[in-house]
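Please read the structure below before turning to the comments.
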Amino acid sequence: MGVEQGRGMSGYWQLDDVLSGLKTARDRWRDAHPRNREHGSAVFPARRTLQEVMEILCGVLFPLRLGPSYVRADNEDAYVAETLENGLSHLYGQIRRELGYSAMGGADDAAVDAEARRIIGAFAHDLPAIRAMLDGDVEAAFASDPAARSVDEVLLCYPSLLAIIHYRVSARLHRLGAPLVARIIGEIAHTRTGIDIHPGATIGRNFFIDHGTGVVIGETALIGDRVRLHQSVTLGGPVGPIEEGRSRPRHPVIEDDVVIYAGATLLGRITIGARSIVGGNLWVTETVPPDSRLEASPPRAIAG
Amino acid sequence: MGVEQGRGMSGYWQLDDVLSGLKTARDRWRDAHPRNREHGSAVFPARRTLQEVMEILCGVLFPLRLGPSYVRADNEDAYVAETLENGLSHLYGQIRRELGYSAMGGADDAAVDAEARRIIGAFAHDLPAIRAMLDGDVEAAFASDPAARSVDEVLLCYPSLLAIIHYRVSARLHRLGAPLVARIIGEIAHTRTGIDIHPGATIGRNFFIDHGTGVVIGETALIGDRVRLHQSVTLGGPVGPIEEGRSRPRHPVIEDDVVIYAGATLLGRITIGARSIVGGNLWVTETVPPDSRLEASPPRAIAG
Amino acid sequence: MGVEQGRGMSGYWQLDDVLSGLKTARDRWRDAHPRNREHGSAVFPARRTLQEVMEILCGVLFPLRLGPSYVRADNEDAYVAETLENGLSHLYGQIRRELGYSAMGGADDAAVDAEARRIIGAFAHDLPAIRAMLDGDVEAAFASDPAARSVDEVLLCYPSLLAIIHYRVSARLHRLGAPLVARIIGEIAHTRTGIDIHPGATIGRNFFIDHGTGVVIGETALIGDRVRLHQSVTLGGPVGPIEEGRSRPRHPVIEDDVVIYAGATLLGRITIGARSIVGGNLWVTETVPPDSRLEASPPRAIAG
């Protein structure tokens, strides 16, 4: 790494002073508010492990296209059988970490085990339904984008699909009682795609996000079937002071068959009626009826 | 990975039920539409390999700055000679995969070979011209950004340059007949930079994108020389129902010397005349003449 | 990597022609402008090494949460002591590279060493103060976001925090005289989070960016205390031709307690007065007084 070894650089900085300063800063933080130490040193779910779990689940859900290159039609069943067990085991371990963390160090091990077991069992049971939902999303992307040449191109190239795979997995885990694991999976997708979907959001069938960078979908958003969003669309919380009550409904409701163009910002618990078209770059904070068509004011042309 | 080995967790989920459910879901998808199985289990180009190819090509194009740290003025020729062969070989392999995939399993191996050979030969021949184009892009970035301290800083730090290197390579491959390989290279850049340029777009000399996150340039966009875009600018398809005819012209034409500020959304086959300035956050769906200056309406000040 | 070895593909392209073409292109670039060769083959700081340095510094600043999983309450002091030395050594090496590069090959080794030693010493001394500032940013995020369940979730999941850790480190290095190392650290965060903060910007206490993708904060921006930005907010340079004088003040001043919603673009050396609320998707190029409330014009409803 380009550093001369053995030159004794420790005189370049006052190590003991820095270390004691850092320790004081840590202690101050922990003493500042009971909340800051309530979880003690409980182990948090590990993002890196969850990344590996999601790679495995992508391969399990779409073995020929998202699995490793040695998977072929004649060995895909064997591949899924072997890999699924491995992926579920690691996911179980992370769910267990979350439950231990949330119990704030006072966990009853047997109770945590039983709860983690319930969650992983229900999640595994739902995997075929998740795959079926995702097939509908692939169809929607292919139908919506004239630039797509094949359904495989959609699945392999579109950030939207990667984000929605992570969303459908994380939403299931969120509802089953593992919101931290779900949130980390959501942030893995956010980092890879620029699409930020909170696992608490509810999204119907045949969902498509075109391009996607900058899309934000908040925790309590409700999205119907056959909705299409473009890049940089926000479905966010209301303007104004933060109110009490974490997790109360505060994000938009988007009814079936709505299209929202790039850069529109929709805030608060408003409803966009079915089949509406929302033009790009709009700021929308009030409910609109079904079949609405909203557009920005035209730009001003200024004499050059 | 934090999981207790050998504890026999397989009782936590009903593996056989999940596996047969997943198999049923796969079969349903393949039976739902002839399109879904038309490529059979043909091998798709591999994103990971193309990432390695692009790292090699970056080093070949700019050996002292984007090559490995052992490259110096006195060994750069040797480095390029050794590395180029390797990069082209792997790119050839991926182009061959694409041609086999597009032939939908009914490929004549010799014909596929000959076509892949034509594409890689023409691509290799054009590499010096691609480097010369990129030098113009580096110049444009340095001239446009008062924060840049040196041309090396532009090349090494600016996401814009990374995106444009990927674009100029992918655009060449797209035109030569490898649109899937080109698209994957475009998405590699999209993931790394948040800049989404379709390889089908045509972009002139001395192109600069400032900051860049959220920029989308569609498949049939035409961009002249010395154009500058800012972050979150969209050159997208028209509003309204998806029309038939994949790949028909449907994205904006941006003439020479236009500047478009952050967050402007330009949609449909419109033309922005030469030397125009498009203010940020605008929604533009109509042609404007040369030397236009467009601005958003001023905000409303609301009594606090 | 899917390529048939030993088939002798070199006949597929004219290697010698391509190599000499690339060499000619490199020579042309270097001859085109004295600026293009002024740094000769001086070694530039390495992004990969700086990524490793930032991983180490994250662990040093927040050992229990951002350090490796084996760090526990009873070994965190030992972990920080061992790791800090290593991280500072590698950072010192990169600062030395920058100083050698900036001296354009005419460096006096002893002077470069002394200057690098001064910078790394001052940086190490400031680490506890950086941690204390970051604690305020974690508090601000937790207080602002109803979706946050714990301060650990903020630290581990929010891209905003990752971006601000990189910013507070890079801003310190920028002021101490290592602007290239600082810029690369800023771009590492930009790639990982979609948040682009120039290390030259000045940002006060308790800063929060919600979601974050697409945020751009320019080199000379000044941001007060308790400011909150949402995704895709730009604090950018002025509209119009690029003026002379790199690094002169040209970005907005945001006073204390301002909130700026998603997609607003603020350009030029304007001032947003304290406690103002700037609605989303606005284009703002003029100063507004304290306690202002700006909103976009309402959308036009068009008969469907």
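Naming scheme: A, B, ... for chains in displayed order of the structure tokens; residues 1 onward per chain; ligands 1 onward as shown.
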
Next item on the list: When you get a sec, could you note down which chain C residues fall within 7 Å of chain B, using only C-alpha atoms, as a ChimeraX atom specification?
Entry: /C:1-3,12-13,18-19,21-22,25,29,36,41,184,187,191,194,214,219,242,246-247,265,281-283,291-297

Notebook entry, point to check: Residues of stretch 38-244 of chain B in helix (DSSP H, G or I) according to DSSP, as a PyMOL selection string?
Noted result: chain B and resi 47-61+63-66+76-102+109-144+151-157+159-176+179-193

Next item on the list: Name the residues of stretch 158-282 of chain C that come out as strand (DSSP E or B) in a backbone DSSP run; write them as a PyMOL selection string.
Entry: chain C and resi 196-197+202-203+208-210+216-217+222-223+228-230+234-236+253-254+259-260+265-267+271-272+277-278

Check: Within 7 Å of A:Arg228, counting only C-alpha atoms, which residues qualify if same-chain residues fewer than 6 places away don't, as a list in words?
Finding: Phe207, Phe208, Ile209, Val258, Val259 and Ile260 of chain A

Export N, CA and C atoms of the chosen residues as a PDB file, in the first residue's frame?
ATOM      1  N   PHE A 207     -45.137  -3.846 -11.392  1.00  0.00           N
ATOM      2  CA  PHE A 207     -44.560  -2.547 -11.047  1.00  0.00           C
ATOM      3  C   PHE A 207     -43.303  -2.317 -11.882  1.00  0.00           C
ATOM      4  N   PHE A 208     -43.147  -1.098 -12.400  1.00  0.00           N
ATOM      5  CA  PHE A 208     -41.954  -0.798 -13.197  1.00  0.00           C
ATOM      6  C   PHE A 208     -41.408   0.579 -12.836  1.00  0.00           C
ATOM      7  N   ILE A 209     -40.076   0.646 -12.719  1.00  0.00           N
ATOM      8  CA  ILE A 209     -39.394   1.921 -12.504  1.00  0.00           C
ATOM      9  C   ILE A 209     -38.423   2.098 -13.666  1.00  0.00           C
ATOM     10  N   VAL A 258     -51.371   4.288 -12.566  1.00  0.00           N
ATOM     11  CA  VAL A 258     -50.841   5.654 -12.592  1.00  0.00           C
ATOM     12  C   VAL A 258     -49.438   5.641 -13.207  1.00  0.00           C
ATOM     13  N   VAL A 259     -49.107   6.708 -13.945  1.00  0.00           N
ATOM     14  CA  VAL A 259     -47.745   6.916 -14.452  1.00  0.00           C
ATOM     15  C   VAL A 259     -47.220   8.235 -13.882  1.00  0.00           C
ATOM     16  N   ILE A 260     -46.003   8.217 -13.340  1.00  0.00           N
ATOM     17  CA  ILE A 260     -45.407   9.436 -12.779  1.00  0.00           C
ATOM     18  C   ILE A 260     -44.054   9.667 -13.445  1.00  0.00           C
TER      19      ILE A 260
END

Note to self: Using Å and a single decimal, report how far atom CA of B:Lys23 sits from atom CA of A:Leu66.
What the structure shows: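 For atom CA of A:Leu66 relative to atom CA of B:Lys23, the distance reads 15.4 Å.
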
Check: By how many Å are atom CA of A:Ile95 and atom CA of A:Val112 apart?
Finding: 9.4 Å

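Between atom CA of C:Ser160 and atom CA of A:Pro249 there is a distance of 23.4 Å.
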